[in-house]
Amino acid sequence: MADLQKLHDAILNGNFKIARDVTQQALDEGADPAVLVHDTMIPAMNEVGRRYEANEYFVPELLIAARAMKASLELIRPLLAARGAEPVARVVIGTVQGDLHDIGKNLVAAMLEGAGFEVVDLGVDVPPEKFAAAVQEKNASMVALSALLTTTMYSMKAVIEKLNSSGLRGKVKVIIGGAPVTQKYADEIGADGYSNNANAAVALARKLLAA
Amino acid sequence: MTPRERWLALFAGEKTDRIPTDYWATDEVTARLCRDLCCKSLEELYTRLQIDGIFAIDPPRTALHHSDDPEADIWGVRRTPVNYDGGVYEEFANHPLAHMTSVDELDAYAWPSADDHDYEAYRAMIRQAPGHRLIRSGNFEPFLLYCALRGMELAMMDLVANPDFATAALDRIFAYYYELAGRTFEAGGGRIEVTYIAEDLGGQTSLLMSLPLIRRFFLPRQRQMADLAKGFGIRIFYHTDGAARSVIPDLISVTGIDVLNPIQWRCPGMDREGLVRNFGDSIIFHGAMDNQQTLPFGTVDDVRREVLENVEIFRNARWVCAPCHNLQPVTSTEKIVTLYDTIHRYGTR
């Protein structure tokens with residue numbers, strides 16, 4: 001029998017090889033992929049987030065945990081897709097136009113995935129129309145925008161304007177984050193939420209989508 | 001006092017005639033300021049705004065590109081210009097060590113050499129350097145370079161998942177910089193007064209990596225570099241962005257810093273009063289003019305208010321008034337002029 005505590009600990013400790021191997025073994029033995037996600041992987045990533053909030057984990061630990069979780073998810077996702085399982089929600093994420101910095105965006109994407117969201121990552125330097133097109137195409141219910149620079153955060157406003165003019169704003173929540181971004185700025189541009197770290201972004205996403 | 005005398009007095013813990021100032025900005029901002037204030041050079045701009053700017057020079061490179069990649073810099077990293085509204089930033093376009101898994105591969109890589117610099121030309125530059133400005137040489141920020149070589153995520157993960165590889169790469173980077181710094185300091189003939197050591201250890205809300213990792217990977221090499229500089233009577237200017245409060249005691253006792261930049265006081269733990277209280281006897285604070293909210297998005301009055309607030313908070317400490325990191329095009333000329341006018345009006349001792 002696959003040792004699911006081992007999978008939990010492999011994610012927590014960021015060992016992607018063990019995470020992948022135990023996941024494969026569990027699936028081979030007929031484990032339900034959705035149960036693996038909900039009973040083992042999400043709790044592991046919740047614990048990663050808790051340790052980050054408690055200053056026990058920092059960016060390197062967060063990154064290796066996310067890598068382990070993704071290694072496991074890569075095996076699970078096709079099985080979930082094959083049975084038509086719907087994710088908690090679908091989030092379109094990207095770093096806004098003019099900005100190539102992505103470590104913060106990647107951490108938020110990983111933590112959202114670890115919480116059971118399906119994440120459509122558009123990468124960096126993403127123009128407003130690409131966000132709008134992805135929302136439409138993927139039927140997303142949330143858009144997450146990242147910017148590191150005071151000179152590029154203005155592009156966030158352009159994305160919201162594009163969602164407005166495309167008639168999509170009403171069907172998606174918009175959350176923003178990044179070094180110079182503040183709650184005040186989120187209010188100014190009409191975003192639904194702001195978070196200053198990847199773990200809190202998950203709580204924010206859950207709250208907004210439950211509302 | 002000349003700008004240099006002001007800095008030297010600050011280092012010696014002596015009284016300065018006024019609070020010293022410094023200037024960090026993107027090229028676009030400097031060009032705009034020069035245009036708006038009718039200055040023909042950076043020196044003219046410094047004089048116009050009474051900025052105690054540091055004169056930074058280093059031995060020019062004789063090799064500009066990596067031996068295996070004529071489009072890359074000496075480390076093998078290519079850059080690409082990325083436009084934003086108002087300017088251009090050079091961003092990394094490749095990470096030449098990203099595919100590597102073993103230290104053997106690092107051994108096979110062509111690393112730059114400290115020989116590839118013109119120390120004679122540097123001696124001439126030193127002789128011609130302005131006597132009224134503090135002179136800075138040397139620039140050591142090995143993990144930033146490792147991030148460029150490896151990709152930031154992989155570099156960060158290496159610290160916990162691949163520590164031997166990270167150590168071996170950082171050793172090679174260090175070897176180049178240590179040799180370069182030694183020869184530079186020697187060639188400086190006693191004219192160099194400060195060197196730059198940096199690593200961005202703080203994020204927006206906390207350290208980016210844990211204190212044990214910082215102590216293992218960064219501080220010992222910083223200490224060696226600082227000790228080398230101090231042997232030449234050179235002071236240590238240290239830069240770390242962000243919420244770095246918990247590492248400051250180590251920066252003082254292990255690295256041995258003299259100046260801490262940029263004091264992002266809005267970040268948790270970086271409140272100015274606390275820093276003055278805890279570290280004011282040991283270090284010079286450099287920066288503290290918020291460049292994430294006040295300077296880019298505040299009003300002229302907000303800028304003036306923050307200068308006055310800082311004058312009060314740093315009254316009994318050693319402080320160099322400067323923006324936290326590079327001024328960006330989003331900050332108006334009026335706000336920048338207000339910053340320097342206010343400090344000169346109210347910063348007289």
# chains A, B, ... in the order shown; residues from 1 in each chain; ligands from 1
>>> residues_around(residues="Thr348 of chain B", least_positions_apart="5", cutoff="12 Å", atoms="only C-alpha atoms", output="ChimeraX atom specification")
/B:15-21,308,311,315,341-343
>>> select_by_dssp(residues="segment 72-109 of chain B", states="alpha helix (DSSP H)", output="list in words")
Val103, Asp104, Glu105, Leu106, Asp107 and Ala108 of chain B
>>> write_last_selection(atoms="C-alpha atoms", output="PDB file, in the first residue's frame")
ATOM      1  CA  VAL B 103      29.661  20.273  -9.943  1.00  0.00           C
ATOM      2  CA  ASP B 104      31.674  18.682 -12.779  1.00  0.00           C
ATOM      3  CA  GLU B 105      29.647  20.726 -15.228  1.00  0.00           C
ATOM      4  CA  LEU B 106      30.512  23.862 -13.257  1.00  0.00           C
ATOM      5  CA  ASP B 107      34.177  22.920 -13.540  1.00  0.00           C
ATOM      6  CA  ALA B 108      33.850  22.644 -17.303  1.00  0.00           C
TER       7      ALA B 108
END
>>> select_by_dssp(residues="segment 80-252 of chain B", states="strand (DSSP E)", output="ChimeraX atom specification")
/B:80-84,87-92,135-140,194-198,235-239
>>> interface_residues(of="chain B", to="chain A", cutoff="8 Å", atoms="only C-alpha atoms", output="PyMOL selection string")
chain B and resi 82-86+91+152-153+156-161+204-210+292-293+296+328-330
>>> closest_residue(among="A:Lys6, A:Lys171, A:Lys105, A:Lys162", to="Ala133 of chain A", atoms="only C-alpha atoms")
A:Lys162
>>> residues_around(residues="Pro112 of chain B", least_positions_apart="2", cutoff="12 Å", atoms="only C-alpha atoms", output="count of residues only")
27
>>> closest_residue(among="B:Asn94, B:Ser137, B:Ser332, B:Thr2", to="Ala56 of chain B", atoms="only C-alpha atoms")
B:Ser137
>>> atom_distance(atom1="atom CA of Ala166 of chain B", atom2="atom CA of Ile214 of chain B")
12.7 Å
